[in-house]
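Let me begin by presenting the structure, written as structure tokens, before commenting on it.
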Amino acid sequence: MLRQLEGSRAVAEAVALCRPEVVCAYPISPQTHIIEAVGALVRTGKLQPCEFLNVESEFAALSVAIGASAAGARAYTATASQGLLFMMEAVYNAAGLGLPIVMTLANRAVGAPINIWNDHSDAMAVRDSGWIQLFAEDNQEAVDLHIQAFRLAEELSLPVMVCMDGFVLTHALERVDLPGQADVDAFLPPYVPRQVLDPADPVSIGAMVGPEAFTEVRYLAHLRQLDALVAIPRLAEEFATRFGRSSGGLVSTYRTEDADTIVVALGSVLGTIKDAVDALRDAGERIGVLGITAFRPFPTDAVRAALARAVRIVAVERAFSIGFGGVLSTDVALSCQGLPASVHTVVAGLGGRPVTRRALEAVLHDAAAGKLGRTTFLDLDTIVVERERARMAADRRSGPMAENILRDLATSAASPHAEEGR
Amino acid sequence: MTPTPIRFYQVGSFAVGNRLLEEELRTVQSDPRRANSLDRGHRACQGCGEALGARYALDAAVRATGGDLVAINATGCLEVFSTPFPESSWRVPWLHSLFGNTPAVASGVAAALRVKGRSNVRVVAQAGDGGTVDIGFGALSGMFERNDDVLFICYDNEAYMNTGVQRSGATPPAARTATTEAVGPEPGNPFGQGKDLPRIALAHGIGYVATATVADLHDLEAKVIKAMARHGARYLHVLVPCPLGWGSQSRDTIRLARLAAESGLFPVFEAEDGIVTSVRKIRHKVPVEDYLVLQRRFAHLFKPERRDEVIAHLQALADENITRYGLVAPEEVEV
Ligand SMILES: Cc1ncc(C[n+]2csc(CCOP(=O)(O)OP(=O)(O)O)c2C)c(N)n1
Ligand code: SF4
Ligand SMILES: [Mg+2]
């Protein structure tokens, strides 16, 4: 049914359609509206049977999900940013135990400085944990990915994280088509665990494993993730047949047929990128877009195929590895080894800074003209940066960096970001 | 004819031989049909109090639930010595997730069983003192406060044993651990620190809180069985001497547990619905010194010279417990 819904509300209803049996919640912006809405659906009896637990931390939230999943229940939770890091140990544990938990990650920057706005630093911090990570481009895809996520998780016995951009998606009102319960039930059969705590068949789960087998256990986890490279497109196809729209899959392409320059990105920024690409196409540039929906497992072959004829690749990333550079670009570059294209990183939209079409057009225009360096920070306020560097060089006790910069921005009209900084 | 209560003073241990008792009064452990929940072959040290306590506690829980039991285990000695895979000593369904999240994992298991309509299957969570009073404290408090249907058992050996005997929030004052060495002007663990978890549990208003030791296994079993007859959050704190960490003889494990109780250092009591309903009275009060002197972790109190003021300080703590819980019946006071 078509409805005008907030992203969080739409996702909550999609999750409810998947009939999770245990939901645990700990609030953090911008995830709050999702768990509030799921909680209300449980209370009104629309989602039943379901145990909704208000826990005392994210570490407990995911741990409750771990226990519930190991005891054979379909388990769901949601978090963001600091919350994801607070549950980090359990994130690895859930994957190591092969528990098909589904978690929404309402992507948000990681502090310090504390910042509630959107970027992908949180998701990147756990990319090696063994969770499948899917990124939604818009709210319709967020809805559809959740329905596919439960199916995928349970088929492979692996946890799945559905990443949706905080505020940009979670708090945006969009037209969304929510499927009917009967169709979801037909697509998503009841959960049959691969291992379960059962007095009738006692097993020990979570035993210690030493050097004699640890490599094999880890390798098998890797193989299972690689299995997802086959399962994800298959499920997307099945989803399309049943629900009449294509959502999910490993990657999506836009105007790449004859493109010399291909922009690669994750999540909602793809919308703005496509607008910028349209404008550049109109100006006669041969440019296209590759959206990565499945970031883990990384779809190396699909990415390589999509980029095979590109002259240059621009990865627009909402996170980066401090002291090195691009994260997504590294994966892209390795996938394209031996291909002629140069790979450029554009770090954009950190901590919620808007990624504007104008700024993107400028940087992509530079790229097409062969003028883009290896790593670029989009819209970086170099004046502010230089001022702080000068302060640090002049005075050992130059004070807290973030606060200095905010003070600068408050007093300086010269800065293009003075408005947002406040 | 009114039966005379059984009192066996002839053995120093106060132990009651099962053979002398009616069948229904015998321990679960003496029953050939016991579950052997923690079976032989595990790798605990000789005389490990934790292995003993866990075996008795879980077998009692299995009996109380007719075998419908799931055990959740924190990281620690109990987890490590019982499951170097592919060998597992557990004959009950058993899950280990992490060190600090055991109460939350147990809450999740209980929630799953409830939603699946299998509330007949009960959940026991177990952890060492570190996993309980320190790293698992937040999750434990959450589980208590939500009154989730879990019996949480802490096997208290008074330090982080699995990592090599470091201090925990349950380490007693003056005790030597690897991080409170017996060096410097005030050797051992400082006075005035640490947590009394049974009282903290009581403050949560949960239905059942009890302490026990491996010196009185009858009592331990009875408390587990009583706890399993109730629902909601329940807490059992069991003192389990650790020969390796305490520097004691393997053969003295039971004796040390008994001396801890008989000196008043470890009060054994039971509280139902917030009220202390029974206290295990001290039979023959012993000075704390009798307990301390058997353990190398307290050796610095006696050598190279006696530290009478420290011993007296520990004695005062024991006496405080005796007063708080009424551990010595007035007519039985002995000095
Ligand atoms: C998060 C985390 N921190 C530290 C450890 C290391 N560690 C493993 S077991 C253990 C000690 C356990 O002590 P306790 O809970 O008292 O149980 P015991 O071994 O004494 O029975 C520690 C510190 C860990 N596994 N995980
Ligand atoms: S170190 Fe202590 S608790 Fe650990 S197995 Fe040995 S005796 Fe038991
Ligand atoms: Mg311990």
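Residue numbers start at 1 in each chain; chains themselves are named A, B, ... in the order of the structure tokens; ligands are numbered from 1 in the order shown.
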
Item checked: Nearby residues (only C-alpha atoms) at most 12 Å from Gly338 (chain A), same-chain spacing under 3 positions excluded, as a list in words -> Arg304, Leu307, Ala308, Arg309, Ala333, Leu334, Ser335, Ala341 and Ser342 of chain A

Next item on the list: May I have the residues of chain A within 7 Å of chain B, counting only C-alpha atoms, written as number ranges by chain?
Entry: A: 21-22, 49-51, 55-56, 60, 63-68, 71-73, 93, 197-199, 202-209

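For the set A:Ala90, A:Leu173, A:Ala390, A:Val42, the residue with the smallest atom-to-atom gap to ligand 1 is A:Ala90, counting only C-alpha atoms and all ligand atoms.
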
Notebook entry, point to check: Quick one: residues within 9 Å of ligand 3, with only C-alpha atoms and all ligand atoms, as an NGL selection string?
Noted result: :B and (50 or 76-77 or 127-132 or 154-162 or 165-168 or 170-171 or 240 or 242 or 245)

Item checked: Residue set, region 62-221 of chain B restricted to helix (DSSP H, G or I), as a VMD selection string -> chain B and resid 62 to 65 77 to 82 102 to 115 129 to 134 137 to 146 197 to 203 217 to 221

Checklist line | Residues near Val385 (chain A), cut-off 12 Å, only C-alpha atoms, skip fewer than 6 positions along chain, as a ChimeraX atom specification | finding: /A:391-392,401-402,404-406,408-409,415

Write a file of the just-selected residues containing C-alpha atoms, as a PDB file, in the first residue's frame.
ATOM      1  CA  ARG A 391      47.485  28.418  16.776  1.00  0.00           C
ATOM      2  CA  MET A 392      48.881  24.982  17.511  1.00  0.00           C
ATOM      3  CA  MET A 401      40.669  22.008  18.683  1.00  0.00           C
ATOM      4  CA  ALA A 402      36.951  21.602  18.042  1.00  0.00           C
ATOM      5  CA  ASN A 404      38.638  26.734  18.850  1.00  0.00           C
ATOM      6  CA  ILE A 405      37.228  26.135  15.404  1.00  0.00           C
ATOM      7  CA  LEU A 406      33.663  26.769  16.524  1.00  0.00           C
ATOM      8  CA  ASP A 408      36.497  30.990  14.837  1.00  0.00           C
ATOM      9  CA  LEU A 409      33.391  30.239  12.835  1.00  0.00           C
ATOM     10  CA  SER A 415      33.836  31.097   6.335  1.00  0.00           C
TER      11      SER A 415
END

Notebook entry, point to check: At what distance in Å, to one decimal, does CA of Lys285 (chain B) lie from CA of Asn18 (chain B)?
Noted result: 25.2 Å

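Near Gly267 (chain A), within a cut-off of 6 Å and counting only C-alpha atoms, sit the residues A:Phe135, A:Ala136, A:Glu137, A:Val269, with same-chain residues fewer than 2 positions away left out.
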
With C-alpha atoms kept, could you save the residues just selected as a PDB file, in the first residue's frame?
ATOM      1  CA  PHE A 135      23.045   0.245   2.316  1.00  0.00           C
ATOM      2  CA  ALA A 136      19.692   1.764   1.418  1.00  0.00           C
ATOM      3  CA  GLU A 137      19.554   4.547  -1.170  1.00  0.00           C
ATOM      4  CA  VAL A 269      24.063  10.482  -1.411  1.00  0.00           C
TER       5      VAL A 269
END
